[in-house]
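Q: Pasting a structure here, questions to come.
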Amino acid sequence: MRNIKNRRLFTSYVSITVIMSIVLFLFGFFGIFFISSNSIANSFKEDFSVSIFFKENAKKIEIIQLQNELLMSSYIQKLKYISKDDALLIMKEEYGQDFIQELGFNPLVNSIDINLKSEFVEASSLDSISAIISKKKYVDEITYDKNLINSINNNIRRVSLWLMPSIMILSIITFLVINSSIRLSIYSNRQLIKTMQLVGATKSFIRRPFIRTNILLSIISSLISISILILFIYYIDSNISFVENIKLQSLIMLFIIIISFGLIISYISTFLATQNILKIKADNLDV
């Protein structure tokens, strides 16, 4: 009989640990997406390039001067100078034929490709920057895909709008699932709790072992969920570059939040569940 009771108790603990591990993993999964979303969005923005084409008679000193001005500005992430000869080589690689033989001359011009810092990758900012650069007499044309910029920013705004509510809803679901599992586990021990109360044990004395057990299960579940998250991150990173979009401090903070969240839910759920049973009169306790 005792072996059966211990087996049931062990099964109950395993069930709670599995359920908590799953919901905490899902919570952490959305957390990883949240902390990496901003870096991923910035990475997309900073990959966007603006091309500055120079007039044929532009002097080398003028081009170098503009490069220095751009590098000293607050909005430049990186800059690459492409000579007309380099541009010709790129065209040859792309089209696989020497079209210059037909023209008899190189129609391309010197240019600079610039990548802006993410906060400046907005249509209005790009228009302002382009207007300033276009005032240079030796600059012929500035090109960039304004429609692509608007599309990137609109999609980022859409993701931001549903991300926070989704995490809040998931947090509530996590609390409810863990709370229900712990309440069911404690309710199965209602006779033991009531017996301890009837022989004179204080409420805090009765609650203490249940709180201690569920906090231990919470820590185990948190460590399991964190371990799965780490494996998940490295699995994703082996296929696409992902880790570089997550700051180590943010990841450590997320792990601390997962552990703290599990501990808080376990403590509150255990306290309330035992409190409800302690309030029930022995005559009204279901057998």
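Quick note on naming: the chains in the structure tokens go A, B, ... in the order shown, residues restart at 1 in each chain, and ligands are numbered from 1 in order of appearance.
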Could you list, as a list in words, every residue within 8 Å of stretch 11-18 of chain A, counting only C-alpha atoms and ignoring same-chain residues fewer than 6 positions away?

A: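 My list of contacting residues is Ile178, Ser181, Ile182, Ser185, Leu217, Ser218, Ile220 and Ser221 of chain A.
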
Q: From the set A:Val177, A:Ile132, A:Leu170, A:Leu79, which residue has the shortest atom-to-atom contact distance to A:Ile64, counting only C-alpha atoms?

A: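 Of A:Val177, A:Ile132, A:Leu170, A:Leu79, the one nearest A:Ile64, counting only C-alpha atoms, is A:Leu79.
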
Q: With distances taken over only C-alpha atoms, which of A:Phe10, A:Phe25, A:Phe33, A:Phe271 is nearest to A:Arg212?

A: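 Looking at the shortest contact to A:Arg212, the residue is A:Phe271.
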
Q: Considering only C-alpha atoms, return as a list in words whatever protein or nucleic-acid residues lie within 9 Å of A:Thr174, sequence-local ones (same chain, fewer than 5 positions apart) excluded.

A: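 In the requested format, the answer is Met20, Val23, Leu24, Leu26, Phe27, Ile169, Asn179 and Ile265 of chain A.
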
Q: With only C-alpha atoms as the basis for distance, which of A:Met253, A:Ile112, A:Ala273, A:Ala131 is at the shortest distance from A:Ser180?

A: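 For A:Ser180, the nearest of the given residues is A:Ala273.
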
Q: Using only C-alpha atoms for the distances, tell me which of A:Ile193, A:Leu184, A:Leu126, A:Leu263 is nearest to A:Ile219.

A: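 Result for the nearest residue to A:Ile219: A:Leu263.
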
Q: With only C-alpha atoms as the counted atoms, please give the residues lying no more than 7 Å from A:Thr270, apart from itself and same-chain residues fewer than 4 positions off, as a PyMOL selection string.

A: chain A and resi 182-183+210-211+266+274

Q: Based on the selection just made, write C-alpha atoms of those residues as a CSV table (one decimal), in the first residue's frame.

A:
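So the final result, stored in selection-v3.csv, reads:
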```csv
chain,number,residue,atom,x,y,z
A,182,ILE,CA,0.0,22.4,-8.2
A,183,ARG,CA,-3.6,22.8,-6.9
A,210,PHE,CA,4.4,21.6,0.3
A,211,ILE,CA,6.0,25.0,-0.5
A,266,SER,CA,4.9,27.8,-7.3
A,274,THR,CA,-3.1,24.8,1.0
```
